[in-house]
file protein-v3.txt (compact mmCIF, C-alpha atoms)
# COMPACT_ATOMS: atom_id res chain seq x y z
CA MET A 1 36.02 128.71 -38.21
CA LYS A 2 38.64 131.21 -39.27
CA ARG A 3 41.67 131.19 -37.08
CA SER A 4 42.48 134.54 -35.47
CA TRP A 5 45.99 135.06 -34.22
CA SER A 6 44.76 138.40 -32.85
CA LEU A 7 43.03 136.59 -29.98
CA LEU A 8 46.13 134.47 -29.46
CA ILE A 9 48.25 137.60 -29.14
CA LEU A 10 45.92 139.03 -26.50
CA SER A 11 45.97 135.80 -24.49
CA SER A 12 49.76 135.63 -24.78
CA LEU A 13 50.21 139.14 -23.41
CA SER A 14 47.70 138.46 -20.64
CA ALA A 15 49.61 135.37 -19.55
CA LEU A 16 52.66 137.56 -19.16
CA GLY A 17 51.27 140.73 -17.18
CA CYS A 18 35.70 129.80 -51.25
CA GLY A 19 34.58 129.49 -54.05
CA GLY A 20 35.79 129.42 -57.67
CA LYS A 21 39.48 129.96 -58.41
CA GLU A 22 41.79 131.84 -61.05
CA GLN A 23 44.22 134.72 -60.29
CA SER A 24 47.04 136.68 -61.80
CA ALA A 25 48.55 138.88 -59.10
CA SER A 26 49.95 142.27 -59.99
CA ASN A 27 52.79 143.95 -58.17
CA SER A 28 51.23 147.39 -57.85
CA SER A 29 49.83 149.00 -54.72
CA SER A 30 48.40 152.42 -53.87
CA GLY A 31 49.22 154.23 -50.67
CA ASP A 32 51.60 152.85 -48.10
CA GLY A 33 48.82 151.30 -46.00
CA GLY A 34 50.93 151.93 -42.91
CA ILE A 35 53.67 149.80 -44.49
CA THR A 36 57.21 150.78 -43.58
CA ASN A 37 58.87 148.00 -45.61
CA ASP A 38 57.37 148.01 -49.10
CA LYS A 39 57.55 145.41 -51.85
CA GLN A 40 61.04 144.93 -53.26
CA PRO A 41 61.68 145.89 -56.93
CA GLY A 42 61.05 142.90 -59.17
CA SER A 43 59.05 141.01 -56.53
CA THR A 44 56.43 138.66 -57.96
CA SER A 45 54.68 138.09 -54.63
CA PRO A 46 51.28 139.73 -54.13
CA LEU A 47 52.14 140.25 -50.45
CA VAL A 48 53.42 143.64 -49.31
CA GLY A 49 56.09 144.19 -46.68
CA ASN A 50 59.19 142.48 -45.29
CA LEU A 51 59.10 140.53 -42.03
CA VAL A 52 60.35 142.47 -39.01
CA ALA A 53 63.74 141.61 -37.55
CA ALA A 54 62.17 139.46 -34.79
CA CYS A 55 61.08 136.95 -37.47
CA PRO A 56 63.62 134.38 -38.70
CA SER A 57 64.59 134.72 -42.36
CA VAL A 58 63.27 131.19 -42.98
CA PRO A 59 60.37 129.35 -41.27
CA PRO A 60 61.47 128.34 -37.76
CA THR A 61 61.33 124.79 -36.48
CA GLU A 62 58.17 124.30 -34.45
CA GLY A 63 59.10 124.14 -30.76
CA SER A 64 62.39 125.99 -31.24
CA SER A 65 63.10 128.91 -28.91
CA CYS A 66 62.04 132.52 -29.51
CA THR A 67 62.22 135.70 -27.46
CA ALA A 68 59.79 138.17 -29.10
CA LEU A 69 56.67 136.87 -27.37
CA ALA A 70 53.43 137.14 -29.42
CA GLN A 71 55.37 137.93 -32.58
CA LEU A 72 53.68 136.61 -35.75
CA CYS A 73 55.60 135.67 -38.91
CA GLU A 74 54.05 134.59 -42.22
CA TYR A 75 55.96 132.49 -44.76
CA GLY A 76 54.65 131.88 -48.27
CA ASP A 77 53.07 134.04 -50.97
CA ASP A 78 49.46 132.84 -51.14
CA LEU A 79 46.75 135.51 -51.17
CA ASP A 80 44.96 133.60 -48.39
CA SER A 81 47.03 133.66 -45.18
CA ALA A 82 45.40 130.35 -44.20
CA CYS A 83 47.31 128.77 -47.10
CA ASN A 84 50.66 130.06 -45.80
CA GLN A 85 52.65 129.06 -42.72
CA VAL A 86 52.07 131.52 -39.87
CA PHE A 87 54.25 131.13 -36.78
CA ASN A 88 53.62 132.64 -33.35
CA CYS A 89 56.15 133.13 -30.56
CA ASN A 90 54.23 131.44 -27.71
CA PRO A 91 54.16 132.51 -24.04
CA ASN A 92 56.53 129.62 -23.21
CA GLY A 93 59.16 131.08 -25.55
CA THR A 94 58.83 128.58 -28.40
CA TRP A 95 57.63 128.89 -31.97
CA GLY A 96 54.29 127.36 -32.90
CA GLY A 97 52.77 127.39 -36.37
CA GLU A 98 49.76 126.44 -38.44
CA GLY A 99 48.47 126.66 -41.99
CA GLY A 100 50.33 126.09 -45.22
CA SER A 101 47.92 123.66 -46.84
CA GLY A 102 44.28 122.63 -46.92
CA PRO A 103 41.17 122.67 -49.13
CA GLY A 104 41.37 125.43 -51.73
CA CYS A 105 45.15 125.88 -51.44
CA PRO A 106 46.89 127.33 -53.36
CA THR A 107 44.42 130.16 -53.85
CA SER A 108 43.34 131.67 -57.14
CA LEU A 109 40.17 133.63 -57.81
CA LYS A 110 37.97 134.21 -60.85
CA THR A 111 37.25 137.80 -61.86
CA CYS A 112 33.78 139.18 -61.17
CA ALA A 113 31.58 140.32 -64.02
CA SER A 114 31.90 144.08 -64.54
CA ASP A 115 28.38 144.77 -63.23
CA ILE A 116 28.78 142.97 -59.88
CA THR A 117 28.76 145.17 -56.78
CA SER A 118 27.50 144.75 -53.22
CA SER A 119 23.77 143.88 -53.27
CA THR A 120 23.84 142.60 -56.86
CA THR A 121 21.54 139.58 -56.75
CA CYS A 122 22.98 136.14 -57.43
CA SER A 123 22.10 132.46 -57.19
CA ALA A 124 23.05 129.89 -54.58
CA GLY A 125 26.34 128.36 -55.63
CA ASP A 126 27.68 131.42 -57.47
CA GLY A 127 30.45 131.50 -54.89
CA VAL A 128 33.37 133.95 -54.79
CA CYS A 129 34.93 136.27 -57.34
CA GLN A 130 37.21 139.31 -57.17
CA THR A 131 37.11 142.96 -58.16
CA SER A 132 39.89 145.55 -58.03
CA LEU A 133 39.08 146.05 -54.33
CA GLY A 134 38.96 142.46 -53.10
CA LEU A 135 36.49 139.59 -52.91
CA CYS A 136 32.76 139.46 -53.61
CA THR A 137 30.80 136.51 -52.18
CA CYS A 138 27.29 135.38 -53.07
CA PHE A 139 25.56 135.35 -49.69
CA ASP A 140 22.17 134.24 -48.41
CA HIS A 141 20.41 137.37 -47.11
CA THR A 142 17.32 135.52 -45.90
CA PHE A 143 17.81 136.95 -42.41
CA GLY A 144 19.31 140.25 -43.54
CA PRO A 145 18.18 143.21 -45.65
CA THR A 146 16.06 142.59 -48.76
CA HIS A 147 17.14 143.77 -52.19
CA ALA A 148 15.27 145.48 -55.00
CA ALA A 149 15.32 142.43 -57.28
CA ASP A 150 13.97 140.23 -54.48
CA SER A 151 10.60 141.98 -54.46
CA GLY A 152 10.90 141.48 -50.73
CA ALA A 153 10.01 137.82 -50.95
CA PRO A 154 11.92 134.53 -50.80
CA PRO A 155 13.43 132.46 -52.29
CA ASP A 156 15.36 135.10 -54.29
CA THR A 157 17.33 136.38 -51.30
CA PHE A 158 20.89 135.81 -52.52
CA ALA A 159 23.09 138.84 -53.18
CA TYR A 160 26.79 139.64 -53.37
CA SER A 161 28.70 141.21 -50.51
CA CYS A 162 31.87 142.90 -51.80
CA ALA A 163 35.01 144.15 -50.09
CA SER A 164 35.53 147.85 -49.59
CA PRO A 165 38.80 148.18 -47.66
CA ASP A 166 40.10 151.44 -46.20
CA SER A 167 41.82 153.62 -48.81
CA ALA A 168 45.03 153.47 -46.72
CA CYS A 169 45.26 149.71 -47.29
CA PRO A 170 47.49 148.21 -49.98
CA ALA A 171 45.49 147.95 -53.21
CA TRP A 172 44.22 144.47 -54.03
CA PRO A 173 45.57 142.00 -55.08
CA ASN A 174 48.43 143.22 -52.88
CA ARG A 175 47.82 142.74 -49.18
CA PRO A 176 49.92 142.99 -46.00
CA ARG A 177 52.20 140.13 -45.00
CA ILE A 178 51.49 139.05 -41.41
CA GLY A 179 54.55 139.97 -39.38
CA SER A 180 55.67 142.81 -41.65
CA ALA A 181 56.11 146.29 -40.23
CA CYS A 182 53.27 148.82 -40.12
CA SER A 183 52.88 152.26 -38.60
CA GLN A 184 49.16 153.13 -38.63
CA ALA A 185 47.98 151.36 -35.49
CA ASP A 186 44.49 149.82 -35.65
CA LEU A 187 44.25 150.20 -39.44
CA GLN A 188 42.08 147.30 -40.64
CA CYS A 189 42.24 145.93 -44.17
CA ASP A 190 39.41 143.51 -44.93
CA TYR A 191 39.49 142.11 -48.46
CA ASP A 192 36.72 139.56 -47.86
CA PRO A 193 33.58 140.71 -46.03
CA CYS A 194 32.27 137.15 -45.91
CA GLY A 195 35.23 135.24 -44.39
CA PRO A 196 36.17 132.86 -42.90
CA ASN A 197 39.26 132.79 -45.13
CA GLY A 198 42.44 134.66 -44.23
CA PHE A 199 41.90 137.93 -46.08
CA ALA A 200 41.47 140.38 -43.15
CA PHE A 201 44.41 142.12 -41.48
CA GLN A 202 45.09 144.73 -38.80
CA CYS A 203 48.08 146.90 -37.92
CA GLY A 204 48.73 145.99 -34.29
CA SER A 205 49.99 148.27 -31.53
CA ASP A 206 53.30 146.35 -31.56
CA GLY A 207 54.03 147.69 -35.05
CA PHE A 208 53.40 144.64 -37.22
CA TRP A 209 50.49 143.24 -39.22
CA THR A 210 48.30 140.55 -37.67
CA ASP A 211 45.29 138.70 -39.04
CA ALA A 212 41.82 139.85 -38.02
CA PHE A 213 38.16 138.88 -38.18
CA SER A 214 36.31 139.64 -41.41
CA SER A 215 33.17 141.74 -41.15
CA ASN A 216 29.74 140.15 -41.44
CA CYS A 217 28.35 139.46 -44.90
CA GLY A 218 26.23 142.40 -45.99
CA GLY A 219 25.05 142.92 -42.43
CA GLY A 220 22.94 139.79 -42.78
call {"tool": "encode", "arguments": {"input": "protein-v3.txt", "output": "structure tokens"}}
result
Amino acid sequence: MKRSWSLLILSSLSALGCGGKEQSASNSSSGDGGITNDKQPGSTSPLVGNLVAACPSVPPTEGSSCTALAQLCEYGDDLDSACNQVFNCNPNGTWGGEGGSGPGCPTSLKTCASDITSSTTCSAGDGVCQTSLGLCTCFDHTFGPTHAADSGAPPDTFAYSCASPDSACPAWPNRPRIGSACSQADLQCDYDPCGPNGFAFQCGSDGFWTDAFSSNCGGG
């Protein structure tokens, strides 16, 4: 199950009152996506934004003290936040972290064929690819909507679900760094409608990016 620091943030405040792989990341982005600290000139990282001042300049030691409770800080440059180290300032005032390695890390993604869009039929095992907007995943729609090529009958019920993030979001393959500053509260940027990988982000009310839940695959 995809981790969600968003739920951890809420509980903290309450306590106190894929598939195939091949990628070449570009450094361009469109719009500011609520970003107040943009990519630095010459940066080769696909991630957009500098960590806020409450985040240490280097990954903290787990269990070391912190004061900005519920602050999240991401270290690493993988497209999938689950492949980077993400630290949280816990309710007890110490840093805790997770991620940084695991199956599929580091992340790279093959490019989708030019004719692939949401609802394009596919075959089981076709997996994940990317477009200029984000990820497309071949998904079993047996219990969701049928598609024209299915003729309304199984077993041909597999179709792609493709990302369509808000136009205010950084343009893929750039995406927000968790813990970097943002200004458009509640802006959600979901680059993978099929999850559970770490490609969905939200501008929190505290003024920094957090991770978020991906939407359901194709409504299925």
call {"tool": "atom_distance", "arguments": {"input": "protein-v3.txt", "atom1": "CA of Asn84 in chain A", "atom2": "CA of Pro60 in chain A"}}
result
13.6 Å
call {"tool": "closest_atom_pairs", "arguments": {"input": "protein-v3.txt", "of": "range 89-155 of chain A", "to": "range 195-212 of chain A", "cutoff": "12 Å", "atoms": "all atoms listed in the file", "output": "Markdown table"}}
result
| residue | atom | partner | partner_atom | distance |
| --- | --- | --- | --- | --- |
| A:Gly99 | CA | A:Gly198 | CA | 10.3 |
| A:Gly100 | CA | A:Gly198 | CA | 11.7 |
| A:Gly102 | CA | A:Asn197 | CA | 11.5 |
| A:Pro103 | CA | A:Asn197 | CA | 11.0 |
| A:Gly104 | CA | A:Asn197 | CA | 10.1 |
| A:Cys105 | CA | A:Asn197 | CA | 11.1 |
| A:Thr107 | CA | A:Asn197 | CA | 10.5 |
| A:Val128 | CA | A:Gly195 | CA | 10.6 |
| A:Leu133 | CA | A:Phe199 | CA | 11.9 |
| A:Gly134 | CA | A:Phe199 | CA | 8.9 |
| A:Leu135 | CA | A:Phe199 | CA | 8.9 |
| A:Cys136 | CA | A:Gly195 | CA | 10.4 |
| A:Thr137 | CA | A:Gly195 | CA | 9.1 |
| A:Cys138 | CA | A:Gly195 | CA | 11.8 |
| A:Phe139 | CA | A:Gly195 | CA | 11.0 |
call {"tool": "closest_residue", "arguments": {"input": "protein-v3.txt", "among": "A:Ile178, A:Ala159, A:Ala124, A:Leu109", "to": "Leu72 in chain A", "atoms": "only C-alpha atoms"}}
result
A:Ile178
call {"tool": "closest_residue", "arguments": {"input": "protein-v3.txt", "among": "A:Ser161, A:Ser101, A:Ser118, A:Ser81", "to": "Pro46 in chain A", "atoms": "only C-alpha atoms"}}
result
A:Ser81
call {"tool": "closest_residue", "arguments": {"input": "protein-v3.txt", "among": "A:Asn174, A:Thr121, A:Thr61, A:Gln188", "to": "Thr157 in chain A", "atoms": "all atoms listed in the file"}}
result
A:Thr121
call {"tool": "closest_residue", "arguments": {"input": "protein-v3.txt", "among": "A:Gln71, A:Ser45, A:Gln85, A:Ser65", "to": "Gly179 in chain A", "atoms": "all atoms listed in the file"}}
result
A:Gln71
call {"tool": "residues_around", "arguments": {"input": "protein-v3.txt", "residues": "Thr67 in chain A", "least_positions_apart": "4", "cutoff": "9 Å", "atoms": "all atoms listed in the file", "output": "ChimeraX atom specification"}}
result
/A:54,71,89,93-94
call {"tool": "closest_residue", "arguments": {"input": "protein-v3.txt", "among": "A:Pro106, A:Gly63, A:Gly127, A:Gly76", "to": "Asn92 in chain A", "atoms": "only C-alpha atoms"}}
result
A:Gly63
call {"tool": "closest_residue", "arguments": {"input": "protein-v3.txt", "among": "A:Gly49, A:Pro91, A:Pro59, A:Gly125", "to": "Arg175 in chain A", "atoms": "all atoms listed in the file"}}
result
A:Gly49
call {"tool": "atom_distance", "arguments": {"input": "protein-v3.txt", "atom1": "CA of Asp80 in chain A", "atom2": "CA of Lys110 in chain A"}}
result
14.3 Å
call {"tool": "decode", "arguments": {"input": "protein-v3.txt", "residues": "range 95-106 of chain A", "atoms": "all heavy atoms", "output": "short mmCIF file (atom, residue, chain, number, x, y, z; two decimals), in the first residue's frame"}}
result
data_model
loop_
_atom_site.label_atom_id
_atom_site.label_comp_id
_atom_site.auth_asym_id
_atom_site.auth_seq_id
_atom_site.Cartn_x
_atom_site.Cartn_y
_atom_site.Cartn_z
N TRP A 95 13.14 13.34 14.33
CA TRP A 95 13.00 13.01 12.93
C TRP A 95 12.82 11.51 12.74
O TRP A 95 13.51 10.71 13.35
CB TRP A 95 14.24 13.45 12.14
CG TRP A 95 14.39 14.92 11.95
CD1 TRP A 95 15.30 15.74 12.56
CD2 TRP A 95 13.63 15.76 11.07
NE1 TRP A 95 15.14 17.03 12.12
CE2 TRP A 95 14.13 17.07 11.21
CE3 TRP A 95 12.57 15.51 10.19
CZ2 TRP A 95 13.60 18.14 10.49
CZ3 TRP A 95 12.04 16.58 9.48
CH2 TRP A 95 12.56 17.88 9.63
N GLY A 96 11.87 11.16 11.89
CA GLY A 96 11.68 9.78 11.47
C GLY A 96 11.65 9.75 9.95
O GLY A 96 11.21 10.71 9.32
N GLY A 97 12.14 8.68 9.36
CA GLY A 97 12.20 8.64 7.90
C GLY A 97 11.88 7.28 7.33
O GLY A 97 11.87 6.27 8.04
N GLU A 98 11.61 7.23 6.05
CA GLU A 98 11.38 5.97 5.35
C GLU A 98 11.70 6.16 3.88
O GLU A 98 11.89 7.29 3.40
CB GLU A 98 9.96 5.47 5.51
CG GLU A 98 8.89 6.32 4.86
CD GLU A 98 7.52 5.65 4.93
OE1 GLU A 98 7.04 5.39 6.03
OE2 GLU A 98 6.95 5.41 3.85
N GLY A 99 11.76 5.07 3.14
CA GLY A 99 12.02 5.11 1.71
C GLY A 99 13.51 5.11 1.40
O GLY A 99 14.35 4.90 2.28
N GLY A 100 13.83 5.35 0.17
CA GLY A 100 15.20 5.43 -0.27
C GLY A 100 15.68 4.23 -1.05
O GLY A 100 16.70 4.29 -1.73
N SER A 101 14.95 3.12 -0.97
CA SER A 101 15.32 1.93 -1.72
C SER A 101 14.12 1.00 -1.80
O SER A 101 13.12 1.22 -1.13
CB SER A 101 16.50 1.21 -1.06
OG SER A 101 16.14 0.76 0.23
N GLY A 102 14.23 -0.03 -2.59
CA GLY A 102 13.15 -0.99 -2.71
C GLY A 102 13.01 -1.48 -4.13
O GLY A 102 13.73 -1.03 -5.04
N PRO A 103 12.08 -2.40 -4.39
CA PRO A 103 11.87 -2.92 -5.75
C PRO A 103 11.56 -1.80 -6.73
O PRO A 103 10.75 -0.92 -6.45
CB PRO A 103 10.66 -3.86 -5.58
CG PRO A 103 10.66 -4.22 -4.13
CD PRO A 103 11.17 -3.01 -3.41
N GLY A 104 12.21 -1.80 -7.86
CA GLY A 104 11.95 -0.78 -8.87
C GLY A 104 12.74 0.48 -8.70
O GLY A 104 12.58 1.43 -9.49
N CYS A 105 13.59 0.58 -7.67
CA CYS A 105 14.41 1.77 -7.46
C CYS A 105 15.83 1.50 -7.97
O CYS A 105 16.35 0.40 -7.75
CB CYS A 105 14.47 2.13 -5.98
SG CYS A 105 12.86 2.52 -5.23
N PRO A 106 16.48 2.48 -8.62
CA PRO A 106 15.94 3.78 -9.02
C PRO A 106 14.94 3.66 -10.16
O PRO A 106 14.94 2.69 -10.90
CB PRO A 106 17.20 4.54 -9.46
CG PRO A 106 18.11 3.48 -9.96
CD PRO A 106 17.88 2.30 -9.05
#
